[in-house]
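K.L.:
Just so it is clear, I am handing over run-v2.txt, which has compact mmCIF, C-alpha atoms.
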```txt
# COMPACT_ATOMS: atom_id res chain seq x y z
CA MET A 4 0.00 0.00 0.00
CA PRO A 5 1.62 3.31 -1.06
CA ALA A 6 2.36 6.00 1.55
CA TYR A 7 1.67 9.70 1.19
CA GLY A 8 2.44 12.95 3.01
CA MET A 9 3.16 12.48 6.69
CA ASP A 10 3.35 8.69 6.29
CA ILE A 11 6.43 9.09 4.08
CA ALA A 12 8.15 11.28 6.67
CA LEU A 13 7.23 8.83 9.44
CA ASN A 14 8.55 5.86 7.46
CA ARG A 15 11.83 7.67 6.85
CA LYS A 16 12.16 8.46 10.54
CA ILE A 17 11.58 4.82 11.49
CA ALA A 18 14.00 3.59 8.80
CA ALA A 19 16.68 5.92 10.16
CA LYS A 20 16.45 4.17 13.55
CA ARG A 21 16.93 0.72 12.02
CA ASP A 22 20.23 -1.00 12.77
CA PRO A 23 21.26 -3.73 10.27
CA ASN A 24 23.60 -5.25 12.86
CA LEU A 25 20.71 -5.83 15.28
CA ASP A 26 18.62 -7.37 12.49
CA ARG A 27 21.49 -9.72 11.65
CA GLU A 28 21.97 -10.75 15.31
CA ALA A 29 18.23 -11.42 15.68
CA GLN A 30 18.17 -13.48 12.46
CA GLU A 31 21.20 -15.56 13.47
CA TRP A 32 19.67 -16.30 16.88
CA VAL A 33 16.29 -17.30 15.42
CA GLU A 34 18.00 -19.58 12.87
CA ALA A 35 20.04 -21.22 15.64
CA VAL A 36 16.96 -21.80 17.82
CA ILE A 37 14.61 -23.21 15.17
CA GLY A 38 17.42 -25.10 13.38
CA GLU A 39 16.79 -23.78 9.88
CA LYS A 40 17.92 -20.90 7.72
CA PHE A 41 15.75 -17.98 6.60
CA PRO A 42 14.48 -18.26 3.03
CA SER A 43 16.21 -16.19 0.38
CA GLY A 44 15.14 -12.57 0.41
CA SER A 45 15.05 -9.78 2.94
CA TYR A 46 14.86 -10.15 6.71
CA GLU A 47 11.36 -8.66 6.95
CA ASP A 48 9.99 -10.73 4.04
CA ALA A 49 11.11 -13.92 5.78
CA LEU A 50 9.21 -12.97 8.94
CA LYS A 51 6.15 -11.45 7.24
CA ASP A 52 3.91 -14.55 7.20
CA GLY A 53 4.52 -15.25 10.92
CA VAL A 54 5.50 -18.90 10.33
CA ILE A 55 9.08 -18.47 11.55
CA LEU A 56 7.90 -16.53 14.61
CA CYS A 57 5.44 -19.30 15.49
CA LYS A 58 8.23 -21.88 15.19
CA LEU A 59 10.44 -19.72 17.42
CA ILE A 60 7.94 -19.37 20.26
CA ASN A 61 7.17 -23.10 20.09
CA LYS A 62 10.88 -23.85 20.54
CA LEU A 63 11.08 -21.54 23.55
CA GLN A 64 7.75 -22.70 25.01
CA PRO A 65 6.71 -26.07 23.56
CA GLY A 66 3.03 -26.18 22.67
CA ALA A 67 2.57 -22.40 22.89
CA ILE A 68 0.90 -22.36 19.43
CA PRO A 69 -0.57 -25.82 18.70
CA LYS A 70 -1.67 -24.95 15.18
CA TYR A 71 -0.79 -22.20 12.73
CA ALA A 72 -1.14 -21.68 8.99
CA THR A 73 1.82 -22.41 6.72
CA SER A 74 0.08 -21.16 3.58
CA GLY A 75 -3.03 -19.30 2.52
CA GLY A 76 -4.23 -15.78 2.00
CA ALA A 77 -3.33 -12.59 3.81
CA PHE A 78 -6.01 -13.07 6.48
CA LYS A 79 -4.63 -16.45 7.62
CA LEU A 80 -1.06 -15.19 7.64
CA ARG A 81 -2.07 -12.17 9.71
CA GLU A 82 -3.64 -14.59 12.18
CA ASN A 83 -0.21 -16.25 12.54
CA ILE A 84 1.20 -12.93 13.75
CA SER A 85 -1.70 -12.53 16.20
CA LEU A 86 -1.08 -16.03 17.56
CA PHE A 87 2.60 -15.20 18.05
CA GLN A 88 1.77 -11.93 19.85
CA ASN A 89 -0.55 -13.69 22.31
CA ALA A 90 2.00 -16.45 22.95
CA ALA A 91 4.82 -13.91 23.44
CA ARG A 92 2.69 -11.99 25.92
CA ALA A 93 2.03 -15.19 27.83
CA TYR A 94 5.79 -15.91 27.75
CA GLY A 95 6.41 -12.71 29.72
CA LEU A 96 6.77 -9.87 27.21
CA GLY A 97 5.17 -6.52 27.99
CA ASP A 98 3.01 -4.53 25.59
CA SER A 99 5.84 -2.05 25.01
CA GLU A 100 8.06 -4.91 23.80
CA LEU A 101 5.52 -6.29 21.30
CA PHE A 102 4.72 -4.95 17.84
CA GLN A 103 1.50 -4.36 15.94
CA THR A 104 0.46 -6.62 13.08
CA ILE A 105 0.91 -3.87 10.49
CA ASP A 106 4.44 -3.19 11.81
CA LEU A 107 5.52 -6.51 10.30
CA PHE A 108 2.90 -7.42 7.70
CA GLU A 109 3.02 -4.00 6.03
CA LYS A 110 6.62 -3.24 7.12
CA HIS A 111 5.64 -0.11 9.03
CA ASN A 112 8.09 -0.60 11.93
CA ILE A 113 10.64 -3.38 11.48
CA PRO A 114 12.90 -2.05 14.31
CA GLN A 115 10.04 -2.77 16.74
CA VAL A 116 9.90 -6.36 15.43
CA THR A 117 13.64 -6.75 16.09
CA GLN A 118 13.19 -5.30 19.57
CA CYS A 119 10.51 -7.92 20.24
CA ILE A 120 12.88 -10.73 19.21
CA PHE A 121 15.58 -9.36 21.53
CA ALA A 122 13.03 -9.23 24.36
CA LEU A 123 12.27 -12.91 23.71
CA GLY A 124 16.00 -13.64 23.93
CA ARG A 125 16.27 -11.93 27.32
CA ASN A 126 13.22 -13.72 28.69
CA ALA A 127 14.54 -17.04 27.38
CA GLN A 128 17.73 -16.61 29.43
CA LYS A 129 15.69 -15.70 32.51
CA LYS A 130 13.59 -18.86 32.06
CA LYS A 131 16.80 -21.00 31.80
CA PHE A 132 16.27 -21.87 28.14
CA ASN A 133 18.83 -24.53 27.19
CA GLY A 134 19.86 -23.12 23.83
CA PRO A 135 21.47 -20.16 22.07
CA THR A 136 21.33 -16.79 23.83
CA LEU A 137 20.60 -13.30 22.55
CA GLY A 138 21.34 -10.03 24.32
CA PRO A 139 22.13 -9.45 27.99
CA LYS A 140 20.54 -11.57 30.68
CA MET A 141 17.69 -10.00 32.65
CA SER A 142 18.52 -9.29 36.27
CA ASP A 143 16.86 -11.35 39.00
CA ALA A 144 15.16 -9.87 42.03
CA ASN A 145 17.41 -9.55 45.08
CA VAL A 146 15.01 -9.19 47.98
CA ARG A 147 16.62 -8.53 51.35
CA GLU A 148 14.86 -8.94 54.65
CA PHE A 149 15.94 -7.31 57.92
CA SER A 150 14.95 -8.17 61.46
CA GLU A 151 13.39 -5.66 63.84
CA ASP A 152 16.69 -5.36 65.75
CA GLN A 153 18.58 -4.55 62.57
CA LEU A 154 16.02 -1.91 61.57
CA ARG A 155 16.19 -0.24 64.99
CA ALA A 156 19.99 -0.28 64.90
CA GLY A 157 19.92 1.34 61.48
CA GLN A 158 17.61 4.11 62.70
CA ASN A 159 19.91 4.82 65.64
CA SER A 160 22.93 4.98 63.34
CA LEU A 161 21.14 7.42 61.07
CA GLY A 162 20.41 9.70 64.02
CA LEU A 163 24.05 9.70 65.10
CA LEU A 164 25.13 10.39 61.54
CA ASN A 165 22.82 13.41 61.27
CA GLU A 166 24.00 14.72 64.63
CA GLY A 167 27.63 14.44 63.57
CA MET A 168 26.92 16.19 60.27
CA ASN A 169 25.13 19.06 62.02
CA LYS A 170 27.91 19.41 64.58
CA GLY A 171 30.53 19.45 61.86
CA THR A 172 28.58 22.06 59.90
CA MET A 173 28.36 24.40 62.92
CA GLU A 174 32.05 24.02 63.73
CA GLY A 175 32.94 24.59 60.10
CA SER A 176 30.86 27.79 60.05
CA ARG A 177 32.68 29.09 63.15
CA ASN A 178 36.07 28.31 61.61
CA ILE A 179 35.13 30.08 58.40
CA ALA A 180 33.91 33.16 60.31
CA SER A 181 37.13 33.22 62.34
CA THR A 182 39.24 32.91 59.21
CA VAL A 183 37.33 35.74 57.50
CA ASP A 184 37.79 38.02 60.56
CA ASN A 185 41.52 37.29 60.69
CA GLN A 186 41.92 37.97 56.98
CA TYR A 187 39.97 41.20 57.34
CA LEU A 188 42.17 42.44 60.20
CA THR A 189 45.34 41.48 58.37
CA GLU A 190 44.33 43.37 55.22
CA LYS A 191 43.44 46.48 57.26
CA LEU A 192 46.70 46.33 59.12
CA GLN A 193 48.69 46.09 55.92
CA THR A 194 46.74 49.03 54.44
CA SER A 195 47.40 51.12 57.54
CA MET A 196 51.14 50.29 57.44
CA ARG A 197 51.32 51.53 53.86
CA ASN A 198 49.54 54.75 54.82
CA VAL A 199 51.74 55.63 57.81
CA GLY A 200 52.49 59.38 57.79
CA ARG A 201 49.53 60.19 55.58
CA PRO A 202 46.49 62.07 56.94
CA ALA A 203 43.47 59.72 57.23
CA ARG A 204 39.84 60.81 57.13
CA SER A 205 37.36 59.29 59.58
CA GLU A 206 34.14 58.06 58.00
CA THR A 207 32.24 58.81 61.22
CA PHE A 208 33.10 62.47 61.61
CA SER A 209 33.13 65.12 58.91
CA ALA A 210 36.13 66.92 60.40
CA SER A 211 39.54 65.78 59.25
CA SER A 212 41.93 64.47 61.87
CA GLU A 213 44.85 62.15 62.04
CA MET A 214 44.07 58.76 63.53
CA SER A 215 46.37 56.19 64.91
CA GLU A 216 46.59 52.71 63.44
CA SER A 217 44.85 51.14 66.42
CA SER A 218 41.86 53.53 66.31
CA LEU A 219 41.40 52.97 62.55
CA LEU A 220 41.39 49.20 62.95
CA SER A 221 39.01 49.44 65.91
CA ASN A 222 36.45 51.58 64.05
CA ASP A 223 36.49 49.48 60.87
CA TYR A 224 36.24 46.21 62.77
CA GLN A 225 33.34 47.60 64.85
CA ARG A 226 31.45 48.61 61.69
CA SER A 227 31.99 45.10 60.26
CA LEU A 228 30.49 43.52 63.38
CA ASN A 229 27.52 45.91 63.30
CA SER A 230 26.78 45.11 59.66
CA ARG A 231 26.84 41.35 60.40
CA ARG A 232 24.46 41.85 63.32
CA LEU A 233 22.07 43.79 61.09
CA SER A 234 22.13 41.06 58.46
CA GLN A 235 21.30 38.44 61.12
CA ARG A 236 18.49 40.51 62.69
CA LYS A 237 15.18 38.69 63.04
CA LEU A 238 11.76 40.02 62.14
CA SER A 239 9.95 41.74 65.00
CA SER A 240 6.44 40.69 66.04
CA SER A 241 4.97 43.87 64.52
CA SER A 242 6.62 43.11 61.16
CA ILE A 243 5.18 39.60 61.17
CA THR A 244 1.72 40.96 62.05
CA ASN A 245 1.84 43.42 59.16
CA LEU A 246 2.99 40.69 56.78
CA LEU A 247 0.11 38.39 57.76
CA SER A 248 -2.37 41.25 57.42
CA ASN A 249 -1.16 42.04 53.92
CA LEU A 250 -1.39 38.39 52.91
CA GLN A 251 -4.98 38.18 54.15
CA ASN A 252 -5.96 41.24 52.12
CA ILE A 253 -4.81 39.69 48.86
CA ARG A 254 -7.79 38.86 46.66
CA VAL A 255 -7.48 35.78 44.47
CA PRO A 256 -9.75 35.91 41.40
CA LEU A 257 -12.25 33.07 41.41
CA THR A 258 -12.78 30.85 38.41
CA SER A 259 -16.00 31.51 36.59
CA PRO A 260 -18.63 28.81 37.29
CA HIS A 261 -19.28 28.59 33.59
CA THR A 262 -15.71 27.56 32.74
CA TYR A 263 -16.14 23.91 33.72
CA MET A 264 -19.43 23.59 31.82
CA ASP A 265 -17.88 25.21 28.74
CA ASP A 266 -14.97 22.76 28.85
CA GLN A 267 -17.34 19.80 29.15
CA ARG A 268 -19.44 21.07 26.24
CA GLN A 269 -16.35 21.56 24.08
CA GLN A 270 -15.13 18.05 24.93
CA ARG A 271 -18.48 16.53 23.92
CA GLU A 272 -18.43 18.45 20.65
CA GLU A 273 -14.91 17.21 19.89
CA GLU A 274 -15.96 13.61 20.60
CA GLU A 275 -18.97 13.98 18.31
CA ASP A 276 -16.73 15.37 15.56
CA GLU A 277 -14.38 12.40 15.94
CA ASP A 278 -17.29 9.94 15.74
CA GLU A 279 -18.56 11.70 12.61
CA GLU A 280 -15.13 11.54 10.98
CA ASP A 281 -14.89 7.84 11.90
CA ASN A 282 -18.29 7.17 10.30
CA GLU A 283 -17.26 9.00 7.13
CA HIS A 284 -14.03 7.01 6.98
CA HIS A 285 -15.81 3.63 7.22
CA LEU A 286 -18.48 4.71 4.72
CA GLN A 287 -15.81 5.80 2.24
CA THR A 288 -14.06 2.44 2.68
CA LEU A 289 -17.27 0.56 1.84
CA ILE A 290 -17.90 2.78 -1.19
CA ASP A 291 -14.35 2.20 -2.46
CA LEU A 292 -14.73 -1.58 -2.06
CA ALA A 293 -18.08 -1.57 -3.84
CA ARG A 294 -16.56 0.27 -6.82
CA ASP A 295 -13.40 -1.85 -6.86
CA THR A 296 -13.86 -4.66 -9.39
CA ASN A 297 -10.17 -5.54 -9.79
CA SER A 298 -9.20 -6.52 -6.25
CA SER A 299 -9.53 -10.10 -5.09
CA ARG A 300 -11.66 -11.26 -2.19
CA SER A 301 -8.60 -11.67 0.06
CA ASP A 302 -7.44 -8.12 -0.71
CA LYS A 303 -10.84 -6.71 0.20
CA LEU A 304 -10.85 -8.72 3.44
CA HIS A 305 -7.43 -7.34 4.23
CA ARG A 306 -8.58 -3.75 3.66
CA LEU A 307 -11.65 -4.25 5.85
CA HIS A 308 -9.52 -5.74 8.62
CA ALA A 309 -7.04 -2.87 8.42
CA SER A 310 -9.82 -0.27 8.59
CA LEU A 311 -11.39 -1.88 11.67
CA GLU A 312 -8.03 -2.36 13.40
CA ASP A 313 -7.28 1.33 12.95
CA SER A 314 -10.53 2.15 14.77
CA ILE A 315 -10.64 -0.29 17.69
CA GLY A 316 -7.37 -2.23 17.62
CA MET A 317 -6.50 -5.79 16.68
CA VAL A 318 -7.25 -7.47 20.05
CA GLU A 319 -10.63 -5.79 20.46
CA LEU A 320 -11.58 -6.66 16.87
CA LEU A 321 -10.73 -10.33 17.33
CA SER A 322 -12.75 -10.44 20.56
CA LEU A 323 -15.74 -8.84 18.84
CA LEU A 324 -15.59 -11.28 15.91
CA ARG A 325 -15.30 -14.21 18.32
CA PHE A 326 -18.40 -12.98 20.17
CA LEU A 327 -20.46 -12.65 16.98
CA LYS A 328 -19.43 -16.04 15.62
CA SER A 329 -19.87 -17.93 18.88
CA SER A 330 -23.18 -16.35 19.97
CA SER A 331 -25.94 -18.97 19.91
CA SER A 332 -28.83 -16.51 20.20
CA ASP A 333 -29.86 -13.43 18.28
CA VAL A 334 -27.87 -10.28 18.99
CA ASN A 335 -29.38 -6.84 19.30
CA ILE A 336 -27.37 -3.91 17.91
CA ASN A 337 -29.00 -1.59 20.47
CA GLU A 338 -27.72 -3.61 23.43
CA PRO A 339 -24.21 -4.17 24.78
CA PRO A 340 -21.72 -4.82 23.46
CA LEU A 341 -22.82 -3.95 19.89
CA ASN A 342 -24.31 -0.58 20.85
CA LEU A 343 -20.75 0.54 21.67
CA TYR A 344 -19.62 -0.10 18.08
CA SER A 345 -22.35 1.63 16.11
CA SER A 346 -19.84 3.56 13.97
CA ILE A 347 -18.17 0.39 12.62
CA LEU A 348 -21.19 -1.91 12.30
CA PRO A 349 -21.55 -1.41 8.51
CA THR A 350 -17.89 -2.26 7.93
CA LEU A 351 -18.09 -5.17 10.38
CA SER A 352 -21.16 -6.52 8.58
CA ALA A 353 -19.39 -6.26 5.23
CA LEU A 354 -16.44 -8.19 6.66
CA LEU A 355 -18.65 -11.03 7.94
CA LEU A 356 -20.59 -11.23 4.67
CA LEU A 357 -17.40 -11.32 2.60
CA GLU A 358 -15.84 -13.99 4.83
CA ASN A 359 -18.89 -16.21 4.29
CA ASP A 360 -19.07 -15.50 0.52
CA ILE A 361 -22.52 -13.90 0.83
```
Would you mind writing the file's structure down as structure tokens?
P.N.:
Amino acid sequence: MPAYGMDIALNRKIAAKRDPNLDREAQEWVEAVIGEKFPSGSYEDALKDGVILCKLINKLQPGAIPKYATSGGAFKLRENISLFQNAARAYGLGDSELFQTIDLFEKHNIPQVTQCIFALGRNAQKKKFNGPTLGPKMSDANVREFSEDQLRAGQNSLGLLNEGMNKGTMEGSRNIASTVDNQYLTEKLQTSMRNVGRPARSETFSASSEMSESSLLSNDYQRSLNSRRLSQRKLSSSSITNLLSNLQNIRVPLTSPHTYMDDQRQQREEEEDEDEEDNEHHLQTLIDLARDTNSSRSDKLHRLHASLEDSIGMVELLSLLRFLKSSSSDVNINEPPLNLYSSILPTLSALLLLENDI
């Protein structure tokens, strides 16, 4: 299926992330596990039908997929991929490690397929698989249990540690203050020695007078102490009272009561627009299939499946089809669960009719 516009840019971005070395490592590991080589052709073409992946998961977990298709149309081969995904999830893989059917079948995201194979390799090592390995081994849980005595001893040690850190911080602050004072006195003394014999002006008095070295040092040092005391001064009770009064007088604008209702209304309108676009998309798909006289039945089935998967996802679609096929009584489209899928019912009906050659 050709790509247009943003799809082309997205495909280029995904292709740029692809690492041929990782693909080669994954292929070599799969070949070693299943005991057979990939058919001639590209890496993704060999995996496309899902047969090799089903063989792989059966080697790692015997009986994981009792039966899978080795030939047939696109619908059966896509089912192979779905069977592999369910078996891999049961083997321990998370949803973030799996890939979507179109990622492999339509080659939308081959790097994600390779990542899934590497995740299988890691889980195989964790489950003590007696065969070839792939990637690093997953770490095991290392749970440690402590007795009540050990926990209490640890809490006491933490208290002593905090006390020692606080004591060291206070002593360090005193040493720094003492060092700063000594440096300050030394610099003033050196300045005064250089200015011996020169008239000095007192910053306290406007009149000019000569001052001795000791009086100059005494005045400057006293001003330094006064400035430090001012910087360490605490707020008075009246200042705190004024601050609290000012804070209480601040008016915070209230949110309009209509804002929440407007947001809810806008959200409903957006949901209705999305439903309408979804209906138009499915209707256009049915019109295109009705006008298409060149495509085969399997191609039309594939297009219907792809359209439904884009709307509700592969797993939900398979569950819905299983419900419709296994239901022994009549189903009502106005009752659950069909009333939840009103937008896709025409496409779903077309799929069922085409599968049964009606």
K.L.:
Tell me which protein, DNA and RNA residues are within 10 Å of Ser314 (chain A), counting only C-alpha atoms, leaving out same-chain ones fewer than 2 positions away, and put them as a list in words.
P.N.:
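My reading of the contact set: Asp281, His284, His285, Ala309, Ser310, Leu311, Glu312, Gly316, Met317, Glu319, Leu320, Tyr344, Ser346 and Ile347 of chain A.
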K.L.:
Interatomic distance between CA of Pro135 (chain A) and CA of Gly97 (chain A)?
P.N.:
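These two atoms are separated by 22.1 Å.
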K.L.:
Figure out the distance between CA of Leu289 (chain A) and CA of Leu343 (chain A), please, to one decimal in Å.
P.N.:
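Computing it gives 20.1 Å between the two atoms.
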K.L.:
One decimal, Å: what's the distance from CA of Ile290 (chain A) over to CA of His305 (chain A), could you say?
P.N.:
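A separation of 15.5 Å between them.
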K.L.:
When you count only C-alpha atoms, which of these residues is closest to Leu354 (chain A): A:Phe149, A:Asn133, A:Ser248, A:Phe78?
P.N.:
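Result for the nearest residue to Leu354 (chain A): A:Phe78.
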K.L.:
I need the residue nearest Asp22 (chain A) from this list: A:Gln158, A:Asn83, A:Thr117, A:Ser150. Use all atoms listed in the file for the distance.
P.N.:
A:Thr117
K.L.:
Find the residues near Ala353 (chain A): any atom within 9 Å, counting only C-alpha atoms, skip ones fewer than 5 places away on the same chain, and give them as a list in words.
P.N.:
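Result of the neighbour search: Leu289, Leu307, Leu348 and Glu358 of chain A.
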K.L.:
Mind checking which residues fall within 12 Å of Phe132 (chain A), counting only C-alpha atoms, ignoring those fewer than 3 positions away in the same chain, and posting them as a PyMOL selection string?
P.N.:
chain A and resi 36+60+62-65+123-129+135-137+140
K.L.:
Determine, counting only C-alpha atoms, which protein, DNA and RNA residues have an atom within 12 Å of an atom of Phe121 (chain A); residues of the same chain fewer than 4 positions away are not included. Present the result as a list in words.
P.N.:
Leu25, Asp26, Arg27, Glu28, Ala29, Gln30, Glu31, Trp32, Val33, Ala91, Leu96, Glu100, Leu101, Pro114, Gln115, Val116, Thr117, Arg125, Asn126, Ala127, Gln128, Thr136, Leu137, Gly138, Pro139, Lys140 and Met141 of chain A
K.L.:
Keeping C-alpha atoms for every residue in the selection just given, could you write it to a file as a compact mmCIF listing (two decimals), in the frame of the given file?
P.N.:
```txt
# COMPACT_ATOMS: atom_id res chain seq x y z
CA LEU A 25 20.71 -5.83 15.28
CA ASP A 26 18.62 -7.37 12.49
CA ARG A 27 21.49 -9.72 11.65
CA GLU A 28 21.97 -10.75 15.31
CA ALA A 29 18.23 -11.42 15.68
CA GLN A 30 18.17 -13.48 12.46
CA GLU A 31 21.20 -15.56 13.47
CA TRP A 32 19.67 -16.30 16.88
CA VAL A 33 16.29 -17.30 15.42
CA ALA A 91 4.82 -13.91 23.44
CA LEU A 96 6.77 -9.87 27.21
CA GLU A 100 8.06 -4.91 23.80
CA LEU A 101 5.52 -6.29 21.30
CA PRO A 114 12.90 -2.05 14.31
CA GLN A 115 10.04 -2.77 16.74
CA VAL A 116 9.90 -6.36 15.43
CA THR A 117 13.64 -6.75 16.09
CA ARG A 125 16.27 -11.93 27.32
CA ASN A 126 13.22 -13.72 28.69
CA ALA A 127 14.54 -17.04 27.38
CA GLN A 128 17.73 -16.61 29.43
CA THR A 136 21.33 -16.79 23.83
CA LEU A 137 20.60 -13.30 22.55
CA GLY A 138 21.34 -10.03 24.32
CA PRO A 139 22.13 -9.45 27.99
CA LYS A 140 20.54 -11.57 30.68
CA MET A 141 17.69 -10.00 32.65
```
K.L.:
Under the rule that all atoms listed in the file are counted, which of A:Phe326, A:Ile336, A:Thr350, A:Leu154 is the nearest residue to Arg306 (chain A)?
P.N.:
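Among the listed residues, A:Thr350 lies closest to Arg306 (chain A).
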K.L.:
List the neighbours of region 40-55 of chain A out to 6 Å using only C-alpha atoms; skip same-chain residues closer than 2 positions along the sequence, and give me the result as a PDB file with C-alpha atoms, in the coordinates of the input.
P.N.:
```pdb
ATOM      1  CA  GLU A  34      18.000 -19.580  12.870  1.00  0.00           C
ATOM      2  CA  CYS A  57       5.440 -19.300  15.490  1.00  0.00           C
ATOM      3  CA  LYS A  58       8.230 -21.880  15.190  1.00  0.00           C
ATOM      4  CA  LEU A  80      -1.060 -15.190   7.640  1.00  0.00           C
ATOM      5  CA  ASN A  83      -0.210 -16.250  12.540  1.00  0.00           C
ATOM      6  CA  ILE A  84       1.200 -12.930  13.750  1.00  0.00           C
ATOM      7  CA  LEU A 107       5.520  -6.510  10.300  1.00  0.00           C
ATOM      8  CA  PHE A 108       2.900  -7.420   7.700  1.00  0.00           C
TER       9      PHE A 108
END
```
K.L.:
Using all atoms listed in the file, can you tell me which of A:Ser301, A:Phe102, A:Leu323, A:Gln270 comes closest to Gly75 (chain A)?
P.N.:
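Of A:Ser301, A:Phe102, A:Leu323, A:Gln270, the one nearest Gly75 (chain A) is A:Ser301, counting all atoms listed in the file.
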